[in-house]
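> Structure file my_file_12.cif, mmCIF, C-alpha atoms, pLDDT in the B column; chains and numbers go by the auth columns, is pasted below:
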```cif
data_structure
loop_
_atom_site.group_PDB
_atom_site.id
_atom_site.type_symbol
_atom_site.label_atom_id
_atom_site.label_comp_id
_atom_site.label_asym_id
_atom_site.label_seq_id
_atom_site.Cartn_x
_atom_site.Cartn_y
_atom_site.Cartn_z
_atom_site.B_iso_or_equiv
_atom_site.auth_seq_id
_atom_site.auth_asym_id
ATOM 1 C CA MET A 1 -41.893 -59.680 -99.185 51.00 1 A
ATOM 2 C CA SER A 2 -41.201 -57.034 -96.572 64.00 2 A
ATOM 3 C CA PHE A 3 -38.758 -57.305 -93.655 58.00 3 A
ATOM 4 C CA LEU A 4 -41.654 -57.583 -91.193 61.00 4 A
ATOM 5 C CA ASP A 5 -43.093 -60.484 -93.179 60.00 5 A
ATOM 6 C CA ASP A 6 -39.685 -62.177 -93.049 60.00 6 A
ATOM 7 C CA LEU A 7 -39.691 -61.818 -89.256 60.00 7 A
ATOM 8 C CA ARG A 8 -43.191 -63.249 -88.929 62.00 8 A
ATOM 9 C CA ASN A 9 -42.351 -66.233 -91.133 64.00 9 A
ATOM 10 C CA LEU A 10 -39.089 -67.217 -89.463 62.00 10 A
ATOM 11 C CA ASP A 11 -38.474 -70.887 -88.878 60.00 11 A
ATOM 12 C CA GLN A 12 -36.743 -71.142 -85.487 65.00 12 A
ATOM 13 C CA ASN A 13 -35.561 -74.661 -86.320 65.00 13 A
ATOM 14 C CA ASN A 14 -33.813 -73.513 -89.504 65.00 14 A
ATOM 15 C CA ILE A 15 -31.750 -70.468 -88.562 63.00 15 A
ATOM 16 C CA GLY A 16 -29.462 -71.068 -91.513 62.00 16 A
ATOM 17 C CA GLY A 17 -32.400 -70.589 -93.873 65.00 17 A
ATOM 18 C CA TRP A 18 -33.328 -67.163 -92.548 64.00 18 A
ATOM 19 C CA PRO A 19 -33.240 -64.304 -95.026 71.00 19 A
ATOM 20 C CA LYS A 20 -30.031 -62.322 -95.179 75.00 20 A
ATOM 21 C CA SER A 21 -31.748 -59.138 -93.978 73.00 21 A
ATOM 22 C CA VAL A 22 -33.004 -60.912 -90.872 69.00 22 A
ATOM 23 C CA LYS A 23 -29.578 -62.422 -90.146 74.00 23 A
ATOM 24 C CA THR A 24 -28.022 -58.989 -90.561 80.00 24 A
ATOM 25 C CA PHE A 25 -30.577 -57.460 -88.190 78.00 25 A
ATOM 26 C CA PHE A 26 -30.013 -60.030 -85.425 77.00 26 A
ATOM 27 C CA ALA A 27 -26.237 -59.850 -85.837 81.00 27 A
ATOM 28 C CA ALA A 28 -26.380 -56.064 -85.470 85.00 28 A
ATOM 29 C CA LEU A 29 -28.721 -56.402 -82.465 85.00 29 A
ATOM 30 C CA LEU A 30 -26.364 -58.899 -80.787 84.00 30 A
ATOM 31 C CA ALA A 31 -23.396 -56.615 -81.439 87.00 31 A
ATOM 32 C CA ILE A 32 -25.293 -53.702 -79.912 89.00 32 A
ATOM 33 C CA LEU A 33 -26.183 -55.782 -76.820 88.00 33 A
ATOM 34 C CA ILE A 34 -22.541 -56.855 -76.403 86.00 34 A
ATOM 35 C CA LEU A 35 -21.405 -53.246 -76.722 85.00 35 A
ATOM 36 C CA LEU A 36 -24.031 -52.077 -74.216 84.00 36 A
ATOM 37 C CA PHE A 37 -23.016 -54.791 -71.721 82.00 37 A
ATOM 38 C CA GLY A 38 -19.326 -53.920 -72.117 80.00 38 A
ATOM 39 C CA TRP A 39 -20.097 -50.238 -71.711 79.00 39 A
ATOM 40 C CA TYR A 40 -22.112 -50.985 -68.562 79.00 40 A
ATOM 41 C CA LEU A 41 -19.214 -52.936 -67.036 78.00 41 A
ATOM 42 C CA TYR A 42 -16.759 -50.198 -67.942 78.00 42 A
ATOM 43 C CA ILE A 43 -18.977 -47.433 -66.609 81.00 43 A
ATOM 44 C CA SER A 44 -19.660 -49.427 -63.412 77.00 44 A
ATOM 45 C CA ASP A 45 -15.915 -49.736 -62.734 79.00 45 A
ATOM 46 C CA GLN A 46 -15.456 -46.061 -63.492 79.00 46 A
ATOM 47 C CA GLN A 47 -18.274 -45.152 -61.096 78.00 47 A
ATOM 48 C CA ASP A 48 -16.678 -47.227 -58.309 80.00 48 A
ATOM 49 C CA GLU A 49 -13.344 -45.535 -58.961 82.00 49 A
ATOM 50 C CA LEU A 50 -15.060 -42.139 -59.005 83.00 50 A
ATOM 51 C CA GLU A 51 -16.674 -42.872 -55.634 84.00 51 A
ATOM 52 C CA ARG A 52 -13.307 -43.881 -54.172 87.00 52 A
ATOM 53 C CA VAL A 53 -11.755 -40.678 -55.489 87.00 53 A
ATOM 54 C CA ARG A 54 -14.610 -38.617 -54.028 87.00 54 A
ATOM 55 C CA GLN A 55 -14.152 -40.247 -50.611 89.00 55 A
ATOM 56 C CA LYS A 56 -10.409 -39.618 -50.770 89.00 56 A
ATOM 57 C CA GLU A 57 -11.054 -36.010 -51.760 88.00 57 A
ATOM 58 C CA THR A 58 -13.386 -35.579 -48.762 89.00 58 A
ATOM 59 C CA ALA A 59 -10.772 -37.051 -46.413 90.00 59 A
ATOM 60 C CA LEU A 60 -8.045 -34.831 -47.873 90.00 60 A
ATOM 61 C CA ARG A 61 -10.233 -31.747 -47.582 88.00 61 A
ATOM 62 C CA LYS A 62 -10.905 -32.541 -43.915 89.00 62 A
ATOM 63 C CA GLU A 63 -7.204 -33.154 -43.264 89.00 63 A
ATOM 64 C CA PHE A 64 -6.364 -29.880 -44.993 88.00 64 A
ATOM 65 C CA SER A 65 -8.965 -28.000 -42.926 86.00 65 A
ATOM 66 C CA ASP A 66 -7.633 -29.498 -39.681 85.00 66 A
ATOM 67 C CA LYS A 67 -4.040 -28.627 -40.543 84.00 67 A
ATOM 68 C CA GLN A 68 -5.048 -25.162 -41.698 82.00 68 A
ATOM 69 C CA ALA A 69 -6.862 -24.561 -38.392 80.00 69 A
ATOM 70 C CA LYS A 70 -3.795 -25.713 -36.460 79.00 70 A
ATOM 71 C CA ALA A 71 -1.542 -23.525 -38.562 81.00 71 A
ATOM 72 C CA VAL A 72 -3.760 -20.500 -37.978 80.00 72 A
ATOM 73 C CA ASN A 73 -3.740 -21.116 -34.203 80.00 73 A
ATOM 74 C CA LEU A 74 -0.083 -22.184 -34.024 81.00 74 A
ATOM 75 C CA GLU A 75 1.097 -19.000 -32.346 83.00 75 A
ATOM 76 C CA ALA A 76 -1.744 -19.197 -29.828 83.00 76 A
ATOM 77 C CA TYR A 77 -0.803 -22.821 -29.057 82.00 77 A
ATOM 78 C CA ARG A 78 2.826 -21.828 -28.599 84.00 78 A
ATOM 79 C CA LYS A 79 1.836 -19.005 -26.272 87.00 79 A
ATOM 80 C CA GLN A 80 -0.393 -21.371 -24.304 86.00 80 A
ATOM 81 C CA LEU A 81 2.446 -23.892 -24.039 86.00 81 A
ATOM 82 C CA GLU A 82 4.843 -21.221 -22.791 87.00 82 A
ATOM 83 C CA ASP A 83 2.269 -20.079 -20.237 84.00 83 A
ATOM 84 C CA MET A 84 1.826 -23.652 -19.019 87.00 84 A
ATOM 85 C CA LYS A 85 5.603 -24.112 -18.722 80.00 85 A
ATOM 86 C CA GLU A 86 5.886 -20.867 -16.786 82.00 86 A
ATOM 87 C CA MET A 87 3.026 -21.918 -14.499 81.00 87 A
ATOM 88 C CA LEU A 88 4.694 -25.293 -13.906 74.00 88 A
ATOM 89 C CA GLN A 89 7.987 -23.618 -13.041 74.00 89 A
ATOM 90 C CA THR A 90 6.187 -21.291 -10.636 75.00 90 A
ATOM 91 C CA MET A 91 4.534 -24.234 -8.926 72.00 91 A
ATOM 92 C CA LEU A 92 7.817 -26.129 -8.747 69.00 92 A
ATOM 93 C CA ARG A 93 9.557 -23.137 -7.208 71.00 93 A
ATOM 94 C CA GLN A 94 7.081 -23.359 -4.344 71.00 94 A
ATOM 95 C CA LEU A 95 8.645 -26.684 -3.399 76.00 95 A
ATOM 96 C CA PRO A 96 11.733 -26.645 -1.187 76.00 96 A
ATOM 97 C CA SER A 97 15.158 -26.380 -2.783 75.00 97 A
ATOM 98 C CA ARG A 98 18.162 -28.639 -2.230 77.00 98 A
ATOM 99 C CA THR A 99 19.589 -26.368 0.464 76.00 99 A
ATOM 100 C CA GLU A 100 16.215 -26.185 2.223 79.00 100 A
ATOM 101 C CA MET A 101 15.687 -29.939 2.479 82.00 101 A
ATOM 102 C CA PRO A 102 17.596 -30.440 5.794 86.00 102 A
ATOM 103 C CA ASP A 103 15.574 -27.657 7.432 84.00 103 A
ATOM 104 C CA LEU A 104 12.390 -29.089 5.936 82.00 104 A
ATOM 105 C CA LEU A 105 13.037 -32.532 7.416 86.00 105 A
ATOM 106 C CA ASN A 106 13.719 -30.908 10.770 89.00 106 A
ATOM 107 C CA ASP A 107 10.474 -28.905 10.449 87.00 107 A
ATOM 108 C CA ILE A 108 8.530 -32.124 9.838 87.00 108 A
ATOM 109 C CA THR A 109 9.955 -33.735 12.976 89.00 109 A
ATOM 110 C CA GLN A 110 9.182 -30.565 14.927 90.00 110 A
ATOM 111 C CA ALA A 111 5.614 -30.602 13.564 90.00 111 A
ATOM 112 C CA ALA A 112 5.228 -34.156 14.857 91.00 112 A
ATOM 113 C CA LEU A 113 6.696 -33.184 18.231 92.00 113 A
ATOM 114 C CA GLY A 114 4.441 -30.139 18.446 92.00 114 A
ATOM 115 C CA ALA A 115 1.405 -32.336 17.786 91.00 115 A
ATOM 116 C CA GLY A 116 2.381 -34.597 20.678 93.00 116 A
ATOM 117 C CA LEU A 117 3.285 -37.596 18.538 92.00 117 A
ATOM 118 C CA GLU A 118 5.928 -40.052 19.654 92.00 118 A
ATOM 119 C CA THR A 119 8.354 -40.464 16.741 91.00 119 A
ATOM 120 C CA GLN A 120 9.902 -43.901 17.052 92.00 120 A
ATOM 121 C CA LEU A 121 11.474 -43.891 13.583 91.00 121 A
ATOM 122 C CA PHE A 122 12.215 -41.072 11.133 90.00 122 A
ATOM 123 C CA GLN A 123 14.805 -42.235 8.612 89.00 123 A
ATOM 124 C CA PRO A 124 15.280 -40.278 5.351 89.00 124 A
ATOM 125 C CA GLY A 125 16.530 -42.328 2.400 88.00 125 A
ATOM 126 C CA ALA A 126 18.508 -41.523 -0.730 89.00 126 A
ATOM 127 C CA GLU A 127 16.962 -39.115 -3.225 85.00 127 A
ATOM 128 C CA ALA A 128 15.617 -40.337 -6.547 85.00 128 A
ATOM 129 C CA MET A 129 16.201 -37.808 -9.340 83.00 129 A
ATOM 130 C CA LYS A 130 13.352 -37.343 -11.800 81.00 130 A
ATOM 131 C CA GLU A 131 13.141 -35.157 -14.905 76.00 131 A
ATOM 132 C CA PHE A 132 12.388 -31.899 -13.090 76.00 132 A
ATOM 133 C CA TYR A 133 12.083 -32.811 -9.416 82.00 133 A
ATOM 134 C CA ALA A 134 13.645 -35.079 -6.794 84.00 134 A
ATOM 135 C CA GLU A 135 11.778 -37.338 -4.404 85.00 135 A
ATOM 136 C CA LYS A 136 13.069 -38.319 -0.992 86.00 136 A
ATOM 137 C CA PRO A 137 11.618 -41.348 0.793 89.00 137 A
ATOM 138 C CA ILE A 138 11.286 -41.307 4.559 88.00 138 A
ATOM 139 C CA GLN A 139 10.681 -44.410 6.642 90.00 139 A
ATOM 140 C CA LEU A 140 8.752 -43.529 9.745 88.00 140 A
ATOM 141 C CA ARG A 141 6.911 -44.939 12.693 92.00 141 A
ATOM 142 C CA MET A 142 4.820 -42.628 14.845 92.00 142 A
ATOM 143 C CA LEU A 143 2.571 -43.203 17.837 93.00 143 A
ATOM 144 C CA GLY A 144 -0.309 -40.951 18.820 93.00 144 A
ATOM 145 C CA THR A 145 -4.044 -40.358 18.842 92.00 145 A
ATOM 146 C CA TYR A 146 -6.300 -39.584 15.899 89.00 146 A
ATOM 147 C CA HIS A 147 -6.475 -35.904 16.844 92.00 147 A
ATOM 148 C CA GLN A 148 -2.703 -35.703 17.267 92.00 148 A
ATOM 149 C CA PHE A 149 -2.202 -37.020 13.747 90.00 149 A
ATOM 150 C CA GLY A 150 -4.710 -34.427 12.516 90.00 150 A
ATOM 151 C CA THR A 151 -2.745 -31.690 14.275 91.00 151 A
ATOM 152 C CA PHE A 152 0.470 -33.019 12.717 89.00 152 A
ATOM 153 C CA ILE A 153 -0.986 -32.773 9.216 86.00 153 A
ATOM 154 C CA SER A 154 -2.197 -29.248 9.958 88.00 154 A
ATOM 155 C CA ASN A 155 1.253 -28.246 11.235 87.00 155 A
ATOM 156 C CA VAL A 156 2.929 -29.601 8.086 85.00 156 A
ATOM 157 C CA ALA A 157 0.445 -27.743 5.888 82.00 157 A
ATOM 158 C CA SER A 158 1.232 -24.462 7.645 82.00 158 A
ATOM 159 C CA LEU A 159 4.978 -24.656 6.967 79.00 159 A
ATOM 160 C CA PRO A 160 6.395 -21.739 4.899 72.00 160 A
ATOM 161 C CA ARG A 161 7.325 -23.992 1.985 70.00 161 A
ATOM 162 C CA VAL A 162 4.860 -26.220 0.158 66.00 162 A
ATOM 163 C CA VAL A 163 5.403 -29.702 1.573 70.00 163 A
ATOM 164 C CA ILE A 164 4.008 -32.683 -0.321 72.00 164 A
ATOM 165 C CA LEU A 165 3.903 -35.972 1.532 73.00 165 A
ATOM 166 C CA THR A 166 2.680 -39.013 -0.380 77.00 166 A
ATOM 167 C CA MET A 167 1.984 -42.288 1.373 74.00 167 A
ATOM 168 C CA HIS A 168 3.552 -45.564 0.225 76.00 168 A
ATOM 169 C CA ASP A 169 2.774 -48.836 2.035 76.00 169 A
ATOM 170 C CA VAL A 170 1.644 -46.847 5.068 81.00 170 A
ATOM 171 C CA SER A 171 -0.590 -48.403 7.708 85.00 171 A
ATOM 172 C CA LEU A 172 -2.465 -46.726 10.554 84.00 172 A
ATOM 173 C CA LYS A 173 -3.530 -49.267 13.144 87.00 173 A
ATOM 174 C CA PRO A 174 -4.688 -49.141 16.757 89.00 174 A
ATOM 175 C CA VAL A 175 -2.055 -50.178 19.235 83.00 175 A
ATOM 176 C CA GLY A 176 -3.170 -53.412 20.853 67.00 176 A
ATOM 177 C CA ALA A 177 -2.856 -54.081 24.572 50.00 177 A
ATOM 178 C CA ALA A 178 -3.136 -57.356 26.465 44.00 178 A
ATOM 179 C CA GLY A 179 -6.185 -59.377 25.463 43.00 179 A
ATOM 180 C CA GLY A 180 -6.608 -57.432 22.216 44.00 180 A
ATOM 181 C CA GLN A 181 -7.821 -54.261 23.984 44.00 181 A
ATOM 182 C CA LYS A 182 -7.026 -50.824 22.540 50.00 182 A
ATOM 183 C CA ALA A 183 -4.337 -48.950 24.415 53.00 183 A
ATOM 184 C CA GLY A 184 -6.017 -45.649 25.256 62.00 184 A
ATOM 185 C CA GLY A 185 -6.986 -44.858 21.652 80.00 185 A
ATOM 186 C CA GLN A 186 -3.359 -44.868 20.528 89.00 186 A
ATOM 187 C CA LEU A 187 -2.652 -45.373 16.841 90.00 187 A
ATOM 188 C CA MET A 188 0.538 -46.504 15.137 90.00 188 A
ATOM 189 C CA LEU A 189 1.443 -44.899 11.800 89.00 189 A
ATOM 190 C CA GLU A 190 4.110 -46.953 10.065 89.00 190 A
ATOM 191 C CA GLY A 191 5.498 -47.093 6.536 88.00 191 A
ATOM 192 C CA THR A 192 7.192 -44.891 3.948 87.00 192 A
ATOM 193 C CA VAL A 193 6.271 -41.378 2.858 86.00 193 A
ATOM 194 C CA LYS A 194 7.904 -39.352 0.112 85.00 194 A
ATOM 195 C CA THR A 195 8.550 -35.638 0.028 85.00 195 A
ATOM 196 C CA TYR A 196 9.650 -33.652 -3.004 83.00 196 A
ATOM 197 C CA ARG A 197 11.882 -30.738 -3.946 83.00 197 A
ATOM 198 C CA TYR A 198 12.580 -28.928 -7.192 78.00 198 A
ATOM 199 C CA LEU A 199 15.839 -29.279 -9.091 79.00 199 A
ATOM 200 C CA ASP A 200 18.044 -26.267 -9.613 74.00 200 A
ATOM 201 C CA ASP A 201 19.148 -25.339 -13.150 69.00 201 A
ATOM 202 C CA ALA A 202 22.345 -27.418 -13.006 73.00 202 A
ATOM 203 C CA GLU A 203 20.480 -30.497 -11.752 72.00 203 A
ATOM 204 C CA THR A 204 17.756 -30.088 -14.379 69.00 204 A
ATOM 205 C CA ALA A 205 20.359 -29.845 -17.156 69.00 205 A
ATOM 206 C CA ALA A 206 22.024 -33.002 -15.864 68.00 206 A
ATOM 207 C CA ALA A 207 18.769 -34.927 -15.445 63.00 207 A
ATOM 208 C CA GLN A 208 17.295 -34.246 -18.892 62.00 208 A
ATOM 209 C CA PRO A 209 20.116 -35.821 -21.005 58.00 209 A
ATOM 210 C CA ALA A 210 20.007 -38.892 -18.775 52.00 210 A
ATOM 211 C CA ALA A 211 16.254 -39.235 -19.325 49.00 211 A
ATOM 212 C CA THR A 212 16.737 -38.810 -23.091 51.00 212 A
ATOM 213 C CA ALA A 213 19.574 -41.347 -23.307 51.00 213 A
ATOM 214 C CA LYS A 214 17.659 -44.046 -21.436 50.00 214 A
ATOM 215 C CA PRO A 215 13.939 -43.718 -22.140 48.00 215 A
ATOM 216 C CA GLY A 216 11.888 -45.857 -19.819 49.00 216 A
ATOM 217 C CA ALA A 217 14.833 -46.506 -17.512 47.00 217 A
ATOM 218 C CA LYS A 218 14.458 -45.666 -13.847 45.00 218 A
ATOM 219 C CA PRO A 219 16.626 -42.742 -12.740 43.00 219 A
ATOM 220 C CA ALA A 220 19.569 -43.677 -10.575 41.00 220 A
ATOM 221 C CA ALA A 221 19.218 -42.908 -6.892 39.00 221 A
ATOM 222 C CA ARG A 222 21.672 -40.335 -5.630 39.00 222 A
ATOM 223 C CA GLY A 223 22.586 -39.370 -2.130 37.00 223 A
ATOM 224 C CA LYS A 224 22.757 -35.782 -1.084 36.00 224 A
#
```
Using structure tokens, write down the structure that the file contains.

Amino acid sequence: MSFLDDLRNLDQNNIGGWPKSVKTFFAALLAILILLFGWYLYISDQQDELERVRQKETALRKEFSDKQAKAVNLEAYRKQLEDMKEMLQTMLRQLPSRTEMPDLLNDITQAALGAGLETQLFQPGAEAMKEFYAEKPIQLRMLGTYHQFGTFISNVASLPRVVILTMHDVSLKPVGAAGGQKAGGQLMLEGTVKTYRYLDDAETAAAQPAATAKPGAKPAARGK
């Protein structure tokens, strides 16, 4: 009887009575299936690992390209940084110096007087030292018309030195007369403005270590 006849005549209820050749065949087939399944699991894990390695390789290649581009342009970046520092220093030098501040404050009061404003209060405060500049607050109260305030701003802008005035808690309100009427179009400017000057080399050298030693801390106010 041939092997094929043995397969056709198998009794599924009596596996123990199967011919030896058939048992050997099914045992070999089962072993092959187990090996194929194990190989599939192994290969699947290897493929996942391969994909992770490929993704990592892509990320590393991109990182390498970015760093290579930065390295190639490093000198250009350094030159650009130096140019920006030089430009900043040039702009800072257009601000008044420490010795020019008294004259500057006097020029501002003269600009207000020339515009016809009535200066009721002009009180400079203590300087606050920053990393590369100093700011000086000024409490003021001025009375005048809209056009007079416009002339005042124009006069300040025409001063020889660059004058920066920033407003802080400043109000501009019409001056009320009896019964809530406006008093001849008069306006009251009241609050605090800040003007700025550049630090000389000695002040800059003193300010930078203080900023490094206490990051995030507010610089101490100093009087002139």
> Is it possible to get the residues within 12 Å of (-3.1, -32.7, 10.6) (coordinates as in the file, counting all atoms listed in the file) written as a PyMOL selection string?
chain A and resi 108+111-112+114-117+144-159+165
> Might you spell out which residues the PyMOL selection byres ((chain A and resi 104) around 12) would select in the displayed file, as a list of chain:residue names?
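The output of the PyMOL selection byres ((chain A and resi 104) around 12) on this file is A:Leu95, A:Pro96, A:Ser97, A:Arg98, A:Thr99, A:Glu100, A:Met101, A:Pro102, A:Asp103, A:Leu105, A:Asn106, A:Asp107, A:Ile108, A:Thr109, A:Gln110, A:Ala111, A:Pro124, A:Lys136, A:Val156, A:Leu159, A:Pro160, A:Arg161, A:Val162, A:Val163, A:Ile164, A:Leu165, A:Thr195, A:Tyr196, A:Arg197.
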> Suppose you want the space between CA of Arg52 in chain A and CA of Gly38 in chain A; what is it in Å?
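These atoms are spaced 21.4 Å apart.
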> State, in Å with one decimal place, the distance from CA of Val193 in chain A to CA of Lys85 in chain A.
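Interatomic distance here is 27.6 Å.
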> Work out how far CA of Asp169 in chain A is from CA of Glu190 in chain A, in Å to one decimal.
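According to the coordinates, CA of Glu190 in chain A and CA of Asp169 in chain A are separated by 8.4 Å.
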> To verify the selection step, state as a ChimeraX atom specification which residues the PyMOL selection byres ((chain A and resi 118) around 6) yields on this input.
/A:117,119,142-143
> Could you tell me which of A:Phe132, A:Phe26, A:Trp39, A:Phe122 comes closest to Asp200 in chain A if we count all atoms listed in the file?
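Looking at the shortest contact to Asp200 in chain A, the residue is A:Phe132.
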> So which residues touch Leu121 in chain A within 8 Å, counting all atoms listed in the file, skipping near sequence neighbours fewer than 5 positions away, as a PDB file with C-alpha atoms, in the coordinates of the input?

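Output contents, as saved in part.pdb:
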```
ATOM      1  CA  GLN A 139      10.681 -44.410   6.642  1.00 90.00           C
ATOM      2  CA  LEU A 140       8.752 -43.529   9.745  1.00 88.00           C
ATOM      3  CA  ARG A 141       6.911 -44.939  12.693  1.00 92.00           C
ATOM      4  CA  MET A 142       4.820 -42.628  14.845  1.00 92.00           C
TER       5      MET A 142
END
```
